[in-house]
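Asker: Sharing query-v4.cif (mmCIF, C-alpha atoms) below.
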data_input
loop_
_atom_site.group_PDB
_atom_site.id
_atom_site.type_symbol
_atom_site.label_atom_id
_atom_site.label_comp_id
_atom_site.auth_asym_id
_atom_site.auth_seq_id
_atom_site.Cartn_x
_atom_site.Cartn_y
_atom_site.Cartn_z
ATOM 1 C CA MET A 1 -4.338 -5.378 -0.339
ATOM 2 C CA ASP A 2 -5.460 -5.145 3.296
ATOM 3 C CA SER A 3 -1.874 -5.478 4.561
ATOM 4 C CA GLN A 4 -0.728 -2.752 2.166
ATOM 5 C CA THR A 5 -3.523 -0.459 3.383
ATOM 6 C CA GLN A 6 -2.533 -1.169 6.969
ATOM 7 C CA ARG A 7 1.114 -0.321 6.230
ATOM 8 C CA ASP A 8 0.060 2.902 4.536
ATOM 9 C CA ARG A 9 -2.005 3.887 7.554
ATOM 10 C CA GLU A 10 0.878 3.128 9.912
ATOM 11 C CA ALA A 11 3.244 5.144 7.737
ATOM 12 C CA LYS A 12 0.857 8.107 7.731
ATOM 13 C CA ALA A 13 0.419 7.842 11.504
ATOM 14 C CA ASP A 14 4.202 7.773 12.011
ATOM 15 C CA GLU A 15 4.586 10.735 9.702
ATOM 16 C CA ALA A 16 1.917 12.678 11.605
ATOM 17 C CA ILE A 17 3.561 11.897 14.964
ATOM 18 C CA ASN A 18 6.976 12.931 13.620
ATOM 19 C CA ALA A 19 5.513 16.213 12.374
ATOM 20 C CA ILE A 20 4.019 16.876 15.817
ATOM 21 C CA ASN A 21 7.344 16.016 17.483
ATOM 22 C CA ARG A 22 9.227 18.413 15.209
ATOM 23 C CA LYS A 23 6.801 21.233 15.852
ATOM 24 C CA ALA A 24 6.744 20.638 19.606
ATOM 25 C CA GLY A 25 10.498 20.151 19.831
ATOM 26 C CA ARG A 26 10.124 16.952 21.872
ATOM 27 C CA ASN A 27 9.017 13.322 21.663
ATOM 28 C CA MET A 28 5.327 13.788 22.471
ATOM 29 C CA PRO A 29 4.383 10.128 23.205
ATOM 30 C CA GLN A 30 7.305 9.878 25.630
ATOM 31 C CA ALA A 31 6.470 13.286 27.115
ATOM 32 C CA VAL A 32 2.828 12.330 27.724
ATOM 33 C CA GLY A 33 3.779 9.009 29.316
ATOM 34 C CA THR A 34 6.342 10.643 31.597
ATOM 35 C CA ALA A 35 3.878 13.387 32.554
ATOM 36 C CA ILE A 36 1.205 10.836 33.525
ATOM 37 C CA ALA A 37 3.699 8.948 35.678
ATOM 38 C CA LEU A 38 4.880 12.146 37.415
ATOM 39 C CA ILE A 39 1.315 13.299 38.080
ATOM 40 C CA ALA A 40 0.453 9.930 39.606
ATOM 41 C CA ILE A 41 3.530 9.974 41.885
ATOM 42 C CA ILE A 42 2.916 13.551 43.053
ATOM 43 C CA LEU A 43 -0.805 12.978 43.724
ATOM 44 C CA LEU A 44 -0.050 9.767 45.604
ATOM 45 C CA CYS A 45 2.462 11.569 47.825
ATOM 46 C CA LEU A 46 0.047 14.450 48.471
ATOM 47 C CA TRP A 47 -2.785 12.043 49.266
ATOM 48 C CA ALA A 48 -0.624 10.037 51.651
ATOM 49 C CA SER A 49 1.014 12.887 53.584
ATOM 50 C CA PRO A 50 2.415 16.396 53.040
ATOM 51 C CA VAL A 51 5.643 15.142 54.625
ATOM 52 C CA LEU A 52 5.971 12.582 51.842
ATOM 53 C CA PHE A 53 5.482 15.366 49.304
ATOM 54 C CA VAL A 54 8.258 17.392 50.980
ATOM 55 C CA VAL A 55 10.553 14.366 50.731
ATOM 56 C CA LEU A 56 9.672 14.113 47.029
ATOM 57 C CA VAL A 57 10.602 17.783 46.557
ATOM 58 C CA VAL A 58 13.925 17.128 48.302
ATOM 59 C CA LEU A 59 14.647 14.188 45.997
ATOM 60 C CA PHE A 60 13.799 16.245 42.904
ATOM 61 C CA MET A 61 16.103 19.047 44.036
ATOM 62 C CA ILE A 62 18.921 16.574 44.725
ATOM 63 C CA ALA A 63 18.514 15.254 41.170
ATOM 64 C CA GLY A 64 18.395 18.815 39.831
ATOM 65 C CA LEU A 65 21.637 19.696 41.615
ATOM 66 C CA TRP A 66 23.304 16.670 40.035
ATOM 67 C CA GLU A 67 22.192 17.900 36.622
ATOM 68 C CA LEU A 68 23.552 21.382 37.316
ATOM 69 C CA ARG A 69 26.833 19.811 38.480
ATOM 70 C CA VAL A 70 27.236 18.101 35.122
ATOM 71 C CA ASP A 71 25.997 21.073 33.091
ATOM 72 C CA PHE A 72 28.370 23.562 34.693
ATOM 73 C CA ALA A 73 31.223 21.067 34.286
ATOM 74 C CA THR A 74 30.750 21.271 30.498
ATOM 75 C CA ILE A 75 32.329 24.738 30.711
ATOM 76 C CA ASN A 76 34.756 23.799 33.508
ATOM 77 C CA LEU A 77 32.735 25.294 36.369
ATOM 78 C CA HIS A 78 32.548 23.011 39.396
ATOM 79 C CA ILE A 79 29.930 23.490 42.115
ATOM 80 C CA PRO A 80 30.395 21.670 45.480
ATOM 81 C CA LEU A 81 27.740 19.017 44.995
ATOM 82 C CA VAL A 82 27.849 17.267 48.381
ATOM 83 C CA THR A 83 27.720 20.557 50.281
ATOM 84 C CA LEU A 84 24.781 21.675 48.138
ATOM 85 C CA TRP A 85 22.984 18.369 48.710
ATOM 86 C CA ILE A 86 23.340 18.700 52.482
ATOM 87 C CA CYS A 87 22.408 22.390 52.574
ATOM 88 C CA SER A 88 19.391 21.929 50.311
ATOM 89 C CA THR A 89 18.046 18.976 52.298
ATOM 90 C CA VAL A 90 18.473 20.734 55.643
ATOM 91 C CA THR A 91 16.925 23.951 54.284
ATOM 92 C CA LEU A 92 13.801 22.324 52.844
ATOM 93 C CA LEU A 93 13.182 20.148 55.901
ATOM 94 C CA ALA A 94 13.768 23.059 58.290
ATOM 95 C CA VAL A 95 11.356 25.291 56.374
ATOM 96 C CA TYR A 96 8.622 22.688 56.748
ATOM 97 C CA PHE A 97 9.203 21.461 60.313
ATOM 98 C CA TYR A 98 10.445 24.562 62.144
ATOM 99 C CA PRO A 99 7.472 26.667 63.372
ATOM 100 C CA ARG A 100 8.990 29.976 62.217
ATOM 101 C CA HIS A 101 9.223 29.022 58.570
ATOM 102 C CA VAL A 102 10.499 32.305 57.124
ATOM 103 C CA VAL A 103 13.215 32.534 59.769
ATOM 104 C CA ALA A 104 14.262 28.957 59.026
ATOM 105 C CA MET A 105 14.508 29.744 55.317
ATOM 106 C CA ALA A 106 16.499 32.942 55.853
ATOM 107 C CA VAL A 107 18.962 31.386 58.308
ATOM 108 C CA CYS A 108 19.463 28.184 56.300
ATOM 109 C CA VAL A 109 19.984 30.028 53.012
ATOM 110 C CA ALA A 110 22.464 32.439 54.639
ATOM 111 C CA VAL A 111 24.445 29.568 56.189
ATOM 112 C CA SER A 112 24.275 27.667 52.886
ATOM 113 C CA LEU A 113 25.737 30.632 50.998
ATOM 114 C CA ILE A 114 28.686 30.761 53.387
ATOM 115 C CA ALA A 115 29.267 26.994 53.373
ATOM 116 C CA VAL A 116 28.991 26.715 49.599
ATOM 117 C CA ALA A 117 31.218 29.744 49.005
ATOM 118 C CA PHE A 118 33.925 28.168 51.155
ATOM 119 C CA SER A 119 33.538 24.737 49.542
ATOM 120 C CA ALA A 120 33.722 26.243 46.047
ATOM 121 C CA THR A 121 37.240 27.533 46.729
ATOM 122 C CA LEU A 122 38.497 23.978 47.275
ATOM 123 C CA GLN A 123 39.763 22.029 44.289
ATOM 124 C CA VAL A 124 37.702 18.839 44.502
ATOM 125 C CA TRP A 125 37.971 16.130 41.841
ATOM 126 C CA HIS A 126 34.587 15.640 40.220
ATOM 127 C CA GLY A 127 34.835 11.876 39.663
ATOM 128 C CA ARG A 128 34.437 9.395 36.817
ATOM 129 C CA ARG A 129 30.629 9.563 36.844
ATOM 130 C CA VAL A 130 30.701 13.243 35.917
ATOM 131 C CA GLU A 131 33.277 12.574 33.203
ATOM 132 C CA LYS A 132 31.037 9.874 31.762
ATOM 133 C CA GLU A 133 28.042 12.224 31.742
ATOM 134 C CA LEU A 134 30.146 14.886 30.055
ATOM 135 C CA ASP A 135 31.138 12.417 27.351
ATOM 136 C CA ASN A 136 27.463 11.563 26.806
ATOM 137 C CA LYS A 137 26.576 15.245 26.471
ATOM 138 C CA ALA A 138 29.388 15.682 23.967
ATOM 139 C CA LEU A 139 27.916 12.834 21.890
ATOM 140 C CA THR A 140 24.434 14.407 21.891
ATOM 141 C CA THR A 141 25.850 17.738 20.652
ATOM 142 C CA PRO A 142 28.714 16.727 18.345
ATOM 143 C CA ASP A 143 28.909 20.136 16.659
ATOM 144 C CA ALA A 144 29.374 22.040 19.920
ATOM 145 C CA PRO A 145 32.956 22.960 20.863
ATOM 146 C CA ASP A 146 34.533 21.155 23.816
ATOM 147 C CA ARG A 147 34.776 23.788 26.570
ATOM 148 C CA ARG A 148 35.842 21.518 29.425
ATOM 149 C CA THR A 149 39.280 23.138 29.577
ATOM 150 C CA GLU A 150 38.110 26.750 29.864
ATOM 151 C CA GLN A 151 39.809 28.655 32.657
ATOM 152 C CA HIS A 152 37.814 30.526 35.319
ATOM 153 C CA SER A 153 38.833 32.474 38.390
ATOM 154 C CA HIS A 154 38.066 31.324 41.933
ATOM 155 C CA LEU A 155 35.647 34.246 42.199
ATOM 156 C CA THR A 156 33.673 32.903 39.222
ATOM 157 C CA GLN A 157 33.524 29.434 40.755
ATOM 158 C CA VAL A 158 32.232 30.896 44.031
ATOM 159 C CA ALA A 159 29.679 33.101 42.249
ATOM 160 C CA VAL A 160 28.252 30.132 40.306
ATOM 161 C CA ALA A 161 28.020 28.034 43.472
ATOM 162 C CA MET A 162 26.195 30.828 45.323
ATOM 163 C CA PHE A 163 23.864 31.311 42.358
ATOM 164 C CA THR A 164 22.971 27.617 42.675
ATOM 165 C CA VAL A 165 21.957 28.147 46.317
ATOM 166 C CA LEU A 166 19.601 30.947 45.287
ATOM 167 C CA TYR A 167 18.247 28.950 42.367
ATOM 168 C CA ILE A 168 17.574 25.609 44.085
ATOM 169 C CA PRO A 169 17.223 25.733 47.908
ATOM 170 C CA LEU A 170 15.800 29.270 48.092
ATOM 171 C CA LEU A 171 13.195 28.924 45.349
ATOM 172 C CA ALA A 172 12.360 25.348 46.347
ATOM 173 C CA SER A 173 11.668 26.591 49.885
ATOM 174 C CA CYS A 174 8.786 28.556 48.404
ATOM 175 C CA ILE A 175 7.319 25.272 47.155
ATOM 176 C CA VAL A 176 7.420 23.835 50.676
ATOM 177 C CA MET A 177 6.341 26.891 52.672
ATOM 178 C CA PRO A 178 2.722 27.144 51.379
ATOM 179 C CA LEU A 179 2.124 23.637 52.729
ATOM 180 C CA THR A 180 2.404 25.059 56.234
ATOM 181 C CA PHE A 181 -0.246 27.791 56.360
ATOM 182 C CA ASN A 182 -4.046 28.232 56.098
ATOM 183 C CA GLU A 183 -4.646 24.443 56.251
ATOM 184 C CA HIS A 184 -5.025 24.065 52.510
ATOM 185 C CA TYR A 185 -1.774 22.287 51.700
ATOM 186 C CA PHE A 186 -3.307 20.163 48.921
ATOM 187 C CA ALA A 187 -4.677 23.174 47.041
ATOM 188 C CA HIS A 188 -1.427 25.103 47.530
ATOM 189 C CA ALA A 189 0.631 22.207 46.191
ATOM 190 C CA MET A 190 -1.699 21.874 43.208
ATOM 191 C CA LEU A 191 -1.334 25.564 42.389
ATOM 192 C CA ILE A 192 2.453 25.594 42.731
ATOM 193 C CA VAL A 193 3.254 22.295 41.014
ATOM 194 C CA PHE A 194 0.505 21.640 38.502
ATOM 195 C CA MET A 195 -0.524 25.123 37.362
ATOM 196 C CA PRO A 196 2.912 25.980 35.878
ATOM 197 C CA ALA A 197 2.865 22.577 34.165
ATOM 198 C CA LEU A 198 -0.659 23.251 32.874
ATOM 199 C CA SER A 199 0.522 26.671 31.730
ATOM 200 C CA ASP A 200 3.408 25.033 29.831
ATOM 201 C CA THR A 201 0.929 22.671 28.183
ATOM 202 C CA GLY A 202 -1.337 25.539 27.153
ATOM 203 C CA GLY A 203 1.627 27.430 25.753
ATOM 204 C CA LEU A 204 2.814 24.367 23.855
ATOM 205 C CA PHE A 205 -0.509 23.713 22.137
ATOM 206 C CA ALA A 206 -1.309 27.374 21.503
ATOM 207 C CA GLY A 207 2.161 27.855 20.033
ATOM 208 C CA MET A 208 1.826 24.761 17.826
ATOM 209 C CA LEU A 209 -1.617 25.757 16.536
ATOM 210 C CA PHE A 210 -1.479 29.533 16.378
ATOM 211 C CA GLY A 211 2.133 30.568 16.939
ATOM 212 C CA ARG A 212 3.109 33.289 14.460
ATOM 213 C CA HIS A 213 4.868 36.021 16.427
ATOM 214 C CA LYS A 214 8.128 34.988 18.081
ATOM 215 C CA LEU A 215 8.526 35.992 21.703
ATOM 216 C CA SER A 216 12.326 35.781 21.874
ATOM 217 C CA PRO A 217 13.732 34.090 18.756
ATOM 218 C CA ARG A 218 17.363 34.425 19.834
ATOM 219 C CA ILE A 219 16.841 32.674 23.195
ATOM 220 C CA SER A 220 14.009 30.232 22.408
ATOM 221 C CA PRO A 221 12.833 30.109 18.775
ATOM 222 C CA LYS A 222 9.735 28.036 19.615
ATOM 223 C CA LYS A 223 8.292 30.518 22.135
ATOM 224 C CA SER A 224 5.584 32.753 20.675
ATOM 225 C CA VAL A 225 3.262 35.520 21.830
ATOM 226 C CA GLU A 226 0.312 33.249 21.050
ATOM 227 C CA GLY A 227 1.908 30.568 23.222
ATOM 228 C CA LEU A 228 2.209 33.052 26.075
ATOM 229 C CA CYS A 229 -1.491 33.891 25.769
ATOM 230 C CA GLY A 230 -2.317 30.176 25.788
ATOM 231 C CA SER A 231 -0.174 29.731 28.908
ATOM 232 C CA MET A 232 -2.068 32.435 30.767
ATOM 233 C CA LEU A 233 -5.456 31.157 29.583
ATOM 234 C CA PHE A 234 -4.792 27.577 30.718
ATOM 235 C CA ALA A 235 -3.315 28.749 34.041
ATOM 236 C CA VAL A 236 -6.331 30.981 34.767
ATOM 237 C CA ALA A 237 -8.767 28.166 33.970
ATOM 238 C CA GLY A 238 -6.802 25.724 36.121
ATOM 239 C CA ALA A 239 -6.573 28.185 39.020
ATOM 240 C CA TYR A 240 -10.347 28.753 38.973
ATOM 241 C CA ALA A 241 -10.921 24.982 38.969
ATOM 242 C CA VAL A 242 -8.628 24.466 41.975
ATOM 243 C CA PHE A 243 -10.174 27.359 43.889
ATOM 244 C CA ALA A 244 -13.736 26.234 43.140
ATOM 245 C CA CYS A 245 -13.051 22.642 44.241
ATOM 246 C CA THR A 246 -11.106 23.548 47.374
ATOM 247 C CA TYR A 247 -12.303 26.693 49.100
ATOM 248 C CA GLU A 248 -15.710 27.449 50.531
ATOM 249 C CA PRO A 249 -17.771 29.578 48.105
ATOM 250 C CA ALA A 250 -18.172 32.347 50.698
ATOM 251 C CA LEU A 251 -14.375 32.587 51.044
ATOM 252 C CA TRP A 252 -13.120 32.599 47.513
ATOM 253 C CA ALA A 253 -16.149 34.360 46.023
ATOM 254 C CA THR A 254 -15.000 37.481 47.878
ATOM 255 C CA ARG A 255 -11.601 36.987 46.246
ATOM 256 C CA TRP A 256 -12.814 36.143 42.742
ATOM 257 C CA TRP A 257 -9.880 38.060 41.318
ATOM 258 C CA ALA A 258 -7.278 35.869 43.066
ATOM 259 C CA PRO A 259 -7.462 32.943 40.564
ATOM 260 C CA LEU A 260 -7.320 35.418 37.677
ATOM 261 C CA LEU A 261 -4.244 37.113 39.106
ATOM 262 C CA THR A 262 -2.687 33.744 39.953
ATOM 263 C CA GLY A 263 -3.137 32.456 36.400
ATOM 264 C CA VAL A 264 -1.729 35.601 34.780
ATOM 265 C CA ILE A 265 1.299 35.560 37.102
ATOM 266 C CA ILE A 266 1.935 31.866 36.431
ATOM 267 C CA GLY A 267 1.661 32.354 32.667
ATOM 268 C CA ILE A 268 4.060 35.295 32.562
ATOM 269 C CA VAL A 269 6.559 34.210 35.225
ATOM 270 C CA GLY A 270 6.563 30.578 34.055
ATOM 271 C CA THR A 271 7.377 31.650 30.499
ATOM 272 C CA TYR A 272 10.097 33.949 31.858
ATOM 273 C CA GLY A 273 11.522 31.018 33.841
ATOM 274 C CA ASP A 274 11.610 28.896 30.688
ATOM 275 C CA LEU A 275 13.414 31.688 28.822
ATOM 276 C CA CYS A 276 15.954 32.108 31.634
ATOM 277 C CA ALA A 277 16.678 28.373 31.601
ATOM 278 C CA SER A 278 16.958 28.434 27.802
ATOM 279 C CA MET A 279 19.402 31.328 27.981
ATOM 280 C CA LEU A 280 21.484 29.469 30.563
ATOM 281 C CA LYS A 281 21.553 26.340 28.393
ATOM 282 C CA ARG A 282 22.421 28.358 25.291
ATOM 283 C CA ASP A 283 25.349 29.996 27.108
ATOM 284 C CA MET A 284 26.626 26.558 28.128
ATOM 285 C CA GLY A 285 26.045 25.097 24.644
ATOM 286 C CA ILE A 286 23.690 22.305 25.756
ATOM 287 C CA LYS A 287 20.186 21.339 24.612
ATOM 288 C CA ASP A 288 18.755 19.856 27.823
ATOM 289 C CA MET A 289 19.779 20.093 31.458
ATOM 290 C CA GLY A 290 19.669 16.304 31.691
ATOM 291 C CA HIS A 291 17.963 13.160 30.412
ATOM 292 C CA MET A 292 16.275 11.718 33.496
ATOM 293 C CA LEU A 293 12.719 12.369 32.290
ATOM 294 C CA LYS A 294 11.951 10.871 28.886
ATOM 295 C CA GLY A 295 10.420 13.438 26.554
ATOM 296 C CA HIS A 296 11.100 16.299 28.967
ATOM 297 C CA GLY A 297 14.886 16.335 29.242
ATOM 298 C CA GLY A 298 16.102 16.657 32.784
ATOM 299 C CA VAL A 299 14.455 17.387 36.117
ATOM 300 C CA LEU A 300 15.352 21.070 35.872
ATOM 301 C CA ASP A 301 13.847 21.242 32.377
ATOM 302 C CA ARG A 302 10.559 20.228 33.994
ATOM 303 C CA VAL A 303 10.710 22.364 37.148
ATOM 304 C CA ASP A 304 12.308 25.606 35.922
ATOM 305 C CA SER A 305 8.957 27.381 35.570
ATOM 306 C CA ILE A 306 7.739 25.871 38.869
ATOM 307 C CA LEU A 307 10.758 27.250 40.720
ATOM 308 C CA MET A 308 10.286 30.723 39.261
ATOM 309 C CA CYS A 309 6.538 30.803 39.983
ATOM 310 C CA ALA A 310 6.770 29.443 43.529
ATOM 311 C CA PRO A 311 7.743 32.707 45.334
ATOM 312 C CA PHE A 312 4.988 34.686 43.614
ATOM 313 C CA ILE A 313 2.284 32.099 44.358
ATOM 314 C CA CYS A 314 3.520 31.735 47.941
ATOM 315 C CA VAL A 315 3.290 35.474 48.601
ATOM 316 C CA LEU A 316 -0.106 35.733 46.876
ATOM 317 C CA LEU A 317 -1.611 32.888 48.904
ATOM 318 C CA TRP A 318 -0.254 34.327 52.146
ATOM 319 C CA ALA A 319 -1.375 37.899 51.377
ATOM 320 C CA THR A 320 -4.921 36.853 50.421
ATOM 321 C CA GLY A 321 -5.362 34.467 53.327
ATOM 322 C CA LEU A 322 -6.088 31.574 50.998
#
As structure tokens, what does this structure read like?
Answerer:
Amino acid sequence: MDSQTQRDREAKADEAINAINRKAGRNMPQAVGTAIALIAIILLCLWASPVLFVVLVVLFMIAGLWELRVDFATINLHIPLVTLWICSTVTLLAVYFYPRHVVAMAVCVAVSLIAVAFSATLQVWHGRRVEKELDNKALTTPDAPDRRTEQHSHLTQVAVAMFTVLYIPLLASCIVMPLTFNEHYFAHAMLIVFMPALSDTGGLFAGMLFGRHKLSPRISPKKSVEGLCGSMLFAVAGAYAVFACTYEPALWATRWWAPLLTGVIIGIVGTYGDLCASMLKRDMGIKDMGHMLKGHGGVLDRVDSILMCAPFICVLLWATGL
């Protein structure tokens, strides 16, 4: 009798977890475990040294570029991966170490655009590893048509490669740059990295509990207006917590509106970044950018909102002197 009761409880628990997973659109236990591990790694790097955090950003962007390489290859678009790896690494390191950070970003991005545009015109074999990843993606979406033989012009190949420069090295530079001013690198990193993630969490739970009005059903059926409100609410609360724990009361009390504005921007822009990534994936016929992070998909699935929010937070922190 006791064993039967135990089995019934386990069955009900599994059923409840499966219902949550279906509503959230992801494996929640895996997602929570991965999130805890990522938070621990990021905090450890920030505690040890901002340079170590910059290296972590570089590694994440290198992984993200690999994912984009495979994703674009599903529709026979081939970005010059090695050139992008080199350009992205040089750009992010130069933005942090060169004293004139904005100049370093502008020059490196301009040179990267030229180098990548030239490399994209070359017909470079993409290797067996990419083919294997493409086969795996085809297995995860068996109903999707195989578009690996689509034909594209050289101009299209160049345009996609240049878009990648603007999407990864340029936006990622805005994650690195706030570490260099006003001597509050820890708070700036928290706002740029964790507040978009907190906003995503707020949107997820608000959408699961209260979501009734679809935000953009054609692009992302699970996004709702209620989820957007939850994203902004969580981001505002998180921004106030970071500001209160970091800045002197006399400083941020005169800028009490800054956390409010920061949270609203993160909620709106982060949701927009998610929708843009969803639209890109829908156009390519894929579900996730990759599978490196269990429960979250790929690296770019996790950082898309962070990349979109980074320029806005960077400018806001610089303009307010925080």
Asker: Mind telling me what the PyMOL selection byres ((chain A and resi 258-260) around 8) catches here, as a VMD selection string?
Answerer: chain A and resid 236 239 to 240 243 255 to 257 261 to 264 320
Asker: Around all the atoms of stretch 205-223 of chain A listed in the file, draw an axis-aligned box and extend it by 6 Å on each of the six sides; I want its centre and edge lengths in Å to one decimal, as lines of an AutoDock Vina configuration file.
Answerer:
center_x = 7.9
center_y = 29.9
center_z = 18.8
size_x = 31.0
size_y = 24.3
size_z = 20.7
Asker: Hey, which of A:Leu44, A:Leu307, A:Val51, A:Ala115 ends up closest to A:Leu179? Count only C-alpha atoms.
Answerer: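 Checking each of A:Leu44, A:Leu307, A:Val51, A:Ala115 against A:Leu179, counting only C-alpha atoms, the winner is A:Val51.
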Asker: Taking into account only C-alpha atoms, which residue in the set A:Leu198, A:Leu171, A:Ile192, A:Leu43 is nearest to A:Gly230?
Answerer: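 Nearest candidate to A:Gly230 out of A:Leu198, A:Leu171, A:Ile192, A:Leu43: A:Leu198.
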Asker: For the point (5.8, 24.7, 48.1) in file coordinates, what residues are within 12 Å, counting all atoms listed in the file? Give the answer as an NGL selection string?
Answerer: :A and (46 or 50-51 or 53-58 or 92-93 or 95-96 or 101 or 169-181 or 184-194 or 306-315 or 317)
